[in-house]
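Engineer: Structure in structure tokens, see below.
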Amino acid sequence: MLSVPLMILLLLSCFFLALLNLANETPARRAFSGMALVIAVGTGTFFYGYGYVMTDGLHFTTLVKALLALCRMFAGINDLASIQKAPLMAHPGALALFWLGHFLAFYVTASATIAALGKRLLQRIRVEMLRKGPLLLIYGINEASVAYARHMAGEHHRAILLVDGDCPSGLETAIQAFGGVVNCSSDALQPTVRFLKRLGMRPGSRKLEVAALHEDSLHNLAYAELLLKSLNTLDIAPEQISLLSSGTGEDTAHLQASGGKGYGTVWSFDDYEITARLIMQNHPPCDRMAFEKGRALENFHCVIVGFGRMGQAMLSHLVMNSQFHGSHFRADIFAPQPQNGFLHDRGLLSSLDIRFHTDSGRSDAFYAFLQESRDLQWIALCTGDPAENTEIVRDLHAWYRSMPSRPLIIQATRTSYFCLDEEERTYRCSSIYDMEHALDIDRMDRMAMEINHIYCQSGKTAEEDWKDCSYFSRLSSRASADFFPAMLRAAGRTREQVLAGDWPPDAETAENLAITEHLRWCGFHYAMGFSRMPEDLYEERIRMYHQARAENRPFQIGKDIRHRFHACLIPWEDLDALSLRENEITGGHVDYKQMDRNNVKILADILRASAQEGQ
């Protein structure tokens, strides 16, 4: 008696496995279906054509009957009774082939129906899985967001939900292939409290990662705001939610948790900025330089060809990552119509050696410049046209063959880059959206969080300090974390040596690194649009400080983040005088040089803490 229930169970299991298998569109299944169709039509045409001719003779009615029988095969109906008197049908082998053709014909028809049922079943299973464990909600369905979803599903095992008003069929097939779920409903697009409840969101420990990757940055900002409103209605804690948003810049700063409401982590990125940052991480400028006791032994000289958004991003990141004690930073930018108006009256141009040339990367003037610039270490091609980048790099490659050495040559576009070094080794990033760690918030913030934590010395946990950290301060901590490999190289240490206890370095090296840290800090602020605070503004802020003190309000004299001015954007030698002046006003004990020295000393503690966090 047990055999009957067992058979029923096996049949049901096989059926549901078939449903799920047919629901997954794979190249092998498509190939098999095509082959089945060819065999079914071939065997049906042969047997019914042969059979009806042998039994009824050759005339028009025979053709119609054979054609009808061929069509009925795909409905699971056979006409064996009409042709079984034909001589060939008496052979068992012929009958076997006849029935195989009918089975394959029915398979072709049934597979389409079963696949539809299977997709609905698979969709229901995937939706139920979205209610368990961490969830990645992606707003915006496009090539980039699907590439990011595929990477996160495969490498980080995330449950993926993609939301948009429409989903192209080609992308939907790709999403189904890695187990993602698409939701185009109005509840998801709003998004409503009911939508979040269906996903199983409630106060507690469940994490929701939000990636707003719509091609229109204004849509990303609007969606993030609407989603946060619904999350706040459900009393979802900031620790449970994070936001990765494309193209919104500091417009998302107000969404960061403050007063118990908001996203615990907010990272707004620009494709160009991420590509430039990735280039700095994989090919840091410090690798092209020599150091002794923390001091650079050579200058850093780079060229940027093209100055649209990619060229601007490249310049910003080179400024942030190429400032070293003992070195002079110089950047030459070649672009017939450089989009540099946004830099007008900024400290970046007045404080650093940045020169613009209205010649293209294919002009005689450009190559005359290269002939004279034998100390050049970097060339970044950022014309905005991959084909033009490729043409220029081919010419450069041929031109530098006769030279004893050549700089690092990088072709950079919005989401990818290609690199050729002096030893003709190539490096390629086809897309930042499926590049390991390029958009990994947790990994990116791990060291930045520890930097902020050690800097705060509040007695709180690193997570609590990070929660209270302003959007701009997080940017600063991230830039500092990105520069740590350069600090290690300048000090002549490896990460392993520092973790083993070989830190801090000797006094001379430590002091040189502290000066470099000040230069790096200045470079970051210049790249963020800051300028040195004018004397009249400093005097005005002294008066504002006394008023704020009378009202018992905190106030920083030397930092005006709203108008992008900072009093510390001065040479290292002038920091003692600034510290003394501020202390005379406030009665405090600030020492700006010592702050930079402390940032060097804590490097080992930060590396150790971030290493433990990553285990």
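Within each chain, counting starts at residue 1; across the structure tokens, chains are named A, B, ... in the order shown, with ligands numbered 1 upward in that order.
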Excluding Gly49 (chain A) and any residue of its chain fewer than 4 positions from it, enumerate the residues within 7 Å of it, using only C-alpha atoms, and give them as a list in words.

Structural biologist: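 So the residues in contact are Thr45, Val53 and Ala66 of chain A.
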
Engineer: Selected residues, N, CA and C atoms, written as a tab-separated table (two decimals), in the first residue's frame, please.

Structural biologist:
```
chain	number	residue	atom	x	y	z
A	45	THR	N	5.57	14.58	-40.84
A	45	THR	CA	5.46	14.74	-42.28
A	45	THR	C	5.71	13.41	-43.00
A	53	VAL	N	-0.82	8.19	-48.30
A	53	VAL	CA	-0.62	7.82	-49.70
A	53	VAL	C	-0.81	6.32	-49.88
A	66	ALA	N	-3.40	14.64	-44.38
A	66	ALA	CA	-2.05	14.51	-43.80
A	66	ALA	C	-1.65	15.79	-43.07
```

Engineer: Figure out the distance between CA of Ile585 (chain A) and CA of Gly529 (chain A), please, to one decimal in Å.

Structural biologist: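 Interatomic distance here is 27.4 Å.
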
Engineer: Please identify all polymer residues within 10 Å of region 477-483 of chain A, counting only C-alpha atoms, omitting same-chain residues fewer than 4 positions from it, and present them as a VMD selection string.

Structural biologist: chain A and resid 277 280 to 281 284 286 317 320 to 322 444 to 453 455 469 472 to 473 487 to 488 517 520 to 521 524 599 603 606 to 607

Engineer: Convert the current residue selection to file output with C-alpha atoms, as an mmCIF file, in the first residue's frame.

Structural biologist:
```cif
data_model
loop_
_atom_site.group_PDB
_atom_site.id
_atom_site.type_symbol
_atom_site.label_atom_id
_atom_site.label_comp_id
_atom_site.auth_asym_id
_atom_site.auth_seq_id
_atom_site.Cartn_x
_atom_site.Cartn_y
_atom_site.Cartn_z
ATOM 1 C CA ARG A 277 38.074 56.405 -7.528
ATOM 2 C CA MET A 280 43.051 55.523 -7.910
ATOM 3 C CA GLN A 281 42.630 52.355 -5.857
ATOM 4 C CA PRO A 284 47.537 54.808 -7.097
ATOM 5 C CA CYS A 286 52.159 56.847 -5.266
ATOM 6 C CA HIS A 317 40.721 62.269 -7.479
ATOM 7 C CA MET A 320 43.066 64.039 -3.467
ATOM 8 C CA ASN A 321 45.558 61.216 -3.956
ATOM 9 C CA SER A 322 48.749 62.887 -5.226
ATOM 10 C CA MET A 444 33.975 50.987 1.592
ATOM 11 C CA ASP A 445 32.821 52.332 4.956
ATOM 12 C CA ARG A 446 34.565 49.801 7.190
ATOM 13 C CA MET A 447 37.844 51.680 7.470
ATOM 14 C CA ALA A 448 36.202 55.106 7.167
ATOM 15 C CA MET A 449 33.994 54.224 10.136
ATOM 16 C CA GLU A 450 37.025 53.320 12.239
ATOM 17 C CA ILE A 451 38.783 56.556 11.274
ATOM 18 C CA ASN A 452 35.787 58.566 12.417
ATOM 19 C CA HIS A 453 35.449 56.479 15.596
ATOM 20 C CA TYR A 455 38.854 60.653 15.797
ATOM 21 C CA CYS A 469 28.610 61.645 11.633
ATOM 22 C CA PHE A 472 30.422 65.720 4.630
ATOM 23 C CA SER A 473 32.445 64.222 7.484
ATOM 24 C CA MET A 487 50.802 56.446 3.523
ATOM 25 C CA LEU A 488 52.137 52.906 3.858
ATOM 26 C CA GLU A 517 48.509 64.160 5.780
ATOM 27 C CA ARG A 520 46.134 65.340 1.553
ATOM 28 C CA TRP A 521 43.535 67.011 3.747
ATOM 29 C CA PHE A 524 40.421 66.804 -0.404
ATOM 30 C CA ASN A 599 46.176 60.764 12.203
ATOM 31 C CA LEU A 603 47.021 54.145 11.282
ATOM 32 C CA ILE A 606 42.531 51.657 12.177
ATOM 33 C CA LEU A 607 44.022 48.854 10.093
#
```

Engineer: Rounded to one decimal place, report the CA of Pro134 (chain A)-CA of Arg474 (chain A) distance in Å.

Structural biologist: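 If I compute the distance from CA of Pro134 (chain A) to CA of Arg474 (chain A), I get 23.9 Å.
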
Engineer: Which residues are near Leu88 (chain A)? Cut-off 10 Å, only C-alpha atoms, ignore same chain within fewer than 3 positions. Put them as a ChimeraX atom specification.

Structural biologist: /A:47,50-51,54,83-85,91-95

Engineer: What gap, in Å, lies between CA of Thr248 (chain A) and CA of Tyr272 (chain A)?

Structural biologist: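 Pair CA of Thr248 (chain A) / CA of Tyr272 (chain A) returns 12.8 Å.
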
Engineer: Taking only region 361-529 of chain A into account, list the residues labelled helix (DSSP H, G or I) by DSSP (computed from the backbone), as a PyMOL selection string.

Structural biologist: chain A and resi 364-372+386-400+432-434+441-456+462-468+471-491+495-499+507-527

Engineer: Pick out the closest residue to Glu273 (chain A) from this set: A:Ala507, A:Ala313, A:Met73, A:Ile236. Count only C-alpha atoms.

Structural biologist: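 Smallest distance to Glu273 (chain A) is found for A:Ala313.
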
Engineer: So, with only C-alpha atoms as the atoms that count, which of A:Asn389, A:Ser610, A:Ser82, A:Gln377 lies closest to Val303 (chain A)?

Structural biologist: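 Looking only at the distances to Val303 (chain A), the closest residue turns out to be A:Gln377.
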
Engineer: Fewer than 3 positions away in the same chain doesn't count, so skip those; otherwise give me all residues within 9 Å of Leu221 (chain A), counting only C-alpha atoms, as a count of residues only.

Structural biologist: 12

Engineer: Which neighbours of Lys559 (chain A) fall inside 10 Å, counting only C-alpha atoms, when residues of the same chain fewer than 4 positions from it are skipped, and could you give them as an MDAnalysis selection string?

Structural biologist: chainID A and resid 530 532:533 538 541 555 563:568

Engineer: Can you work out which one of A:Ile138, A:Leu100, A:Ala490, A:Ala144 has the shortest atom-to-atom distance to Ala514 (chain A), counting only C-alpha atoms?

Structural biologist: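 Among the listed residues, A:Ala490 lies closest to Ala514 (chain A).
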
Engineer: Which residues, written as a ChimeraX atom specification, have at least one atom at most 10 Å from Asp506 (chain A), with only C-alpha atoms counted and residues fewer than 3 positions away on the same chain left out?

Structural biologist: /A:293-294,491,503,509-511
